[in-house]
Protein chains: 2
Amino acid sequence: VSRVLVTGATGFIGRHAVAALTRAGHEVHAVSSTGGTVPGAQEVPVHRADLLDTGQASGLIESVRPTHILHLAWDVTPGRYLESDSNLAWTAASLHLLRKFAGHGSRAVLAGTCLEYDPSAGHCSESDSELRPTTLYGTCKDALRSVAGSFGRESGLSVAWGRVFFVYGPDEYPARLVASVARALLEGEPASVSHGRQVRDYMHSADVGEAFAALVDADVEGPVNVGSGAGVTLADLVAEIGRAAGRPELIRLGERPALPGEPPEIVADVTRLRDEVGWQPARSLEAGIRETVEWWRGELQSGPG
Amino acid sequence: VSRVLVTGATGFIGRHAVAALTRAGHEVHAVSSTGGTVPGAQEVPVHRADLLDTGQASGLIESVRPTHILHLAWDVTPGRYLESDSNLAWTAASLHLLRKFAGHGSRAVLAGTCLEYDPSAGHCSESDSELRPTTLYGTCKDALRSVAGSFGRESGLSVAWGRVFFVYGPDEYPARLVASVARALLEGEPASVSHGRQVRDYMHSADVGEAFAALVDADVEGPVNVGSGAGVTLADLVAEIGRAAGRPELIRLGERPALPGEPPEIVADVTRLRDEVGWQPARSLEAGIRETVEWWRGELQSGPG
């Protein structure tokens, strides 16, 4: 039996990965810095550990003795994670965790990001697109990927690197695009967005979690884009939210300036994910957005807790 | 006054950097995992700390409060450092140290390696040559460089990265090329080497240390090759050792197979070091090898300690 240790297990993506790994019959161990339970997978044991503390990380590996690790934990606080110095701490913590894990396990899957690619790549291919991260977050992820791959080859550890594109879904940080537009419309407030011509690859958090679970079970090594493969303009994305919320008229396209240097297109080439991992997303954008808006409707109706 | 914290200060390069920084008038603080004194700079305070222990590293930065850091410490044990998993630990430790230092200091100089370059680069230029490390050591150094540069731009820290080429000098690890040939010849033993047509950039450890001291005082940022700029074939290098030892006839050229995939040429482009840092090596290869062989002669005559 595979014993899979999942870091970031209670997070936006992690909870879905835990649920999918459990459904697939694995013995799953979750890690969380705050303890508690994994939403949607309450039966999974949660080990409370601060992975930024090397002693706690080592102790965790030695007590769980996982055969597989899915390492999703990182600081992704909206508004500051792209440039925060916590990226250095998470890079260091990830290297420590990987090194300790190699003494016990056989396969590691880590979370990367589309921000490793050159912003002008457009259609991002693992084999053909240039890597040129322009943020500290992207640089740290790229550095970790490079070291993890080399370390895997040296140590005999099988290492895969899932590059996450754009994610939406229930229980997202309220400041992020889909969550903030959905909340505004459901509260009857206008939602100001930029011109909306940016093309992005959006995938539901449950699909992202399930893709990572599939990566744990696969034997593919190296970088694998975790995206839908389909680009959507932000204008179409927010229009979908408007329809789901029943308030399309509250969307104010072009009221916000686009960020300087914002790339026109970031879309995943999903050839590896589809053909080598054998995985495809289950949800259409329309269905996923509808589910997400309904989740926020329930959340807002239940009021402050 | 600049207060410079030097890691790896008692090492092969570090001791010379400490001496040069002291001569230049800096308040130098040395770090060593074993304590003791810095050879050739006994007056410099040595702080005993294990940089792989994040708590000790933080404590060190907080007690010394350096304005500058010269980070040379790494595991470079001959025969295993290129592929050792300690490279991950040193990458993590370096990230932690850099992050803590940024809260206090203004300039960081770190040691990189010519093994960051594509092995086929030949004449290695910081601006024009491709980076494609093929060892875990080179990959980890490359990753650290990338993160340190991005972090410097974000945090306002001035960061330079000295890429070390080939180093020889007194008190080298006995297993390394110059030391092992010198010792064999001085003991009257034959020294077997490969075909010797590989071209390398060799510089005396005192020159390398002085180059790093100059980098601390400069304001150049990013990668700077730390080499002589002059290529020498290994056949000419060992012939120089043969002359200095007075036993050229003991050199057995071609008796060892060359390592598979060994690059034909690795030489530094020193334009940045010479023109932007304003530094050039003081020692010719002939004088440096003579001094090194004489050092080994003294060492071997004094016998086991």
# chains A, B, ... in the order shown; residues from 1 in each chain; ligands from 1
call {"tool": "interface_residues", "arguments": {"of": "chain B", "to": "chain A", "cutoff": "9 Å", "atoms": "only C-alpha atoms", "output": "VMD selection string"}}
result
chain B and resid 53 to 54 83 to 86 88 to 89 91 to 96 98 to 99 134 to 136 139 to 140 142 to 144 146 to 148 150 to 151 154 to 155
call {"tool": "write_last_selection", "arguments": {"atoms": "C-alpha atoms", "output": "tab-separated table (two decimals), in the first residue's frame"}}
result
chain	number	residue	atom	x	y	z
B	53	ASP	CA	21.21	24.86	12.10
B	54	THR	CA	18.80	27.72	11.32
B	83	GLU	CA	26.55	14.72	-6.02
B	84	SER	CA	26.09	14.76	-2.26
B	85	ASP	CA	22.66	15.47	-0.81
B	86	SER	CA	24.43	17.93	1.49
B	88	LEU	CA	20.40	20.60	-0.63
B	89	ALA	CA	21.19	21.33	3.00
B	91	THR	CA	21.29	25.59	-0.43
B	92	ALA	CA	18.62	25.74	2.26
B	93	ALA	CA	21.08	27.07	4.85
B	94	SER	CA	22.30	29.74	2.43
B	95	LEU	CA	18.75	30.91	1.73
B	96	HIS	CA	18.06	31.14	5.44
B	98	LEU	CA	20.64	35.47	3.19
B	99	ARG	CA	17.11	36.16	4.34
B	134	THR	CA	25.21	18.82	-14.98
B	135	THR	CA	25.99	18.09	-11.34
B	136	LEU	CA	23.83	18.45	-8.23
B	139	THR	CA	22.49	22.86	-10.01
B	140	CYS	CA	22.20	23.92	-6.36
B	142	ASP	CA	22.76	27.91	-9.95
B	143	ALA	CA	19.45	27.74	-8.07
B	144	LEU	CA	20.85	29.73	-5.15
B	146	SER	CA	18.93	32.74	-9.24
B	147	VAL	CA	17.01	33.15	-5.99
B	148	ALA	CA	19.65	35.41	-4.42
B	150	SER	CA	15.76	37.94	-7.48
B	151	PHE	CA	15.65	38.40	-3.71
B	154	GLU	CA	13.07	42.70	-4.31
B	155	SER	CA	14.66	43.56	-1.00
call {"tool": "select_by_dssp", "arguments": {"residues": "range 189-218 of chain A", "states": "alpha helix (DSSP H)", "output": "MDAnalysis selection string"}}
result
chainID A and resid 205:217
call {"tool": "closest_residue", "arguments": {"among": "B:Pro174, B:Gly229, B:Gly209, B:Gly36", "to": "Ala111 in chain B", "atoms": "only C-alpha atoms"}}
result
B:Gly209
call {"tool": "residues_around", "arguments": {"residues": "Val238 in chain B", "least_positions_apart": "5", "cutoff": "10 Å", "atoms": "only C-alpha atoms", "output": "VMD selection string"}}
result
chain B and resid 177 to 178 181 to 182 191 193 196 233 243 to 244 248 251 to 253 289
call {"tool": "closest_residue", "arguments": {"among": "A:His16, A:Arg200, A:Arg297, A:His104", "to": "Cys124 in chain A", "atoms": "only C-alpha atoms"}}
result
A:Arg200
call {"tool": "residues_around", "arguments": {"residues": "Ala41 in chain A", "least_positions_apart": "2", "cutoff": "9 Å", "atoms": "only C-alpha atoms", "output": "list in words"}}
result
Arg15, His16, Val18, Ala19, Thr22, Thr37, Val38, Pro39, Glu43 and Val44 of chain A
call {"tool": "residues_around", "arguments": {"residues": "range 234-236 of chain A", "least_positions_apart": "4", "cutoff": "7 Å", "atoms": "only C-alpha atoms", "output": "compact mmCIF listing (two decimals) with N, CA, C and O atoms, in the first residue's frame"}}
result
# COMPACT_ATOMS: atom_id res chain seq x y z
N GLY A 196 -10.00 42.95 -19.65
CA GLY A 196 -10.50 41.58 -19.75
C GLY A 196 -10.05 40.82 -20.98
O GLY A 196 -10.51 39.70 -21.22
N ARG A 197 -9.11 41.36 -21.73
CA ARG A 197 -8.67 40.65 -22.94
C ARG A 197 -7.56 39.63 -22.64
O ARG A 197 -7.17 38.87 -23.51
N GLN A 198 -7.04 39.63 -21.40
CA GLN A 198 -6.02 38.66 -21.03
C GLN A 198 -6.59 37.24 -21.13
O GLN A 198 -7.68 36.98 -20.62
N VAL A 199 -5.84 36.36 -21.76
CA VAL A 199 -6.27 34.97 -21.90
C VAL A 199 -5.55 34.12 -20.84
O VAL A 199 -4.33 34.16 -20.73
N GLU A 240 -19.20 34.76 -17.21
CA GLU A 240 -19.71 33.47 -16.71
C GLU A 240 -20.14 33.62 -15.25
O GLU A 240 -21.20 33.10 -14.85
call {"tool": "select_by_dssp", "arguments": {"residues": "range 40-137 of chain B", "states": "strand (DSSP E or B)", "output": "list of chain:residue names"}}
result
B:Ala41, B:Val46, B:His47, B:Arg48, B:His68, B:Ile69, B:Leu70, B:His71, B:Arg107, B:Ala108, B:Val109, B:Leu110, B:Ala111, B:Gly112, B:Thr113, B:Tyr117, B:Gly122, B:His123, B:Cys124, B:Leu131
call {"tool": "residues_around", "arguments": {"residues": "Gly162 in chain B", "least_positions_apart": "2", "cutoff": "7 Å", "atoms": "only C-alpha atoms", "output": "JSON, numbers by chain"}}
result
{"B": [110, 111, 112, 160, 164, 223, 224, 225, 226]}
call {"tool": "residues_around", "arguments": {"residues": "Glu189 in chain B", "least_positions_apart": "4", "cutoff": "8 Å", "atoms": "only C-alpha atoms", "output": "list in words"}}
result
Ala184, Leu185 and Leu250 of chain B
call {"tool": "write_last_selection", "arguments": {"atoms": "C-alpha atoms", "output": "PDB file, in the first residue's frame"}}
result
ATOM      1  CA  ALA B 184      53.525  12.144  -4.966  1.00  0.00           C
ATOM      2  CA  LEU B 185      56.520  13.767  -6.649  1.00  0.00           C
ATOM      3  CA  LEU B 250      57.787  10.943 -12.365  1.00  0.00           C
TER       4      LEU B 250
END
call {"tool": "closest_residue", "arguments": {"among": "B:Gly59, B:Pro45, B:Pro170, B:Gly79", "to": "Glu299 in chain B", "atoms": "only C-alpha atoms"}}
result
B:Pro170
call {"tool": "atom_distance", "arguments": {"atom1": "CA of His204 in chain A", "atom2": "CA of Pro281 in chain A"}}
result
8.4 Å
call {"tool": "closest_residue", "arguments": {"among": "B:Ser194, B:Gln42, B:Thr271, B:Ser180", "to": "Trp296 in chain B", "atoms": "only C-alpha atoms"}}
result
B:Ser180
call {"tool": "closest_residue", "arguments": {"among": "A:Ala206, A:Val159, A:Leu300, A:Leu237", "to": "Val220 in chain A", "atoms": "only C-alpha atoms"}}
result
A:Val159
call {"tool": "atom_distance", "arguments": {"atom1": "CA of Gly169 in chain A", "atom2": "CA of Asp269 in chain A"}}
result
21.6 Å
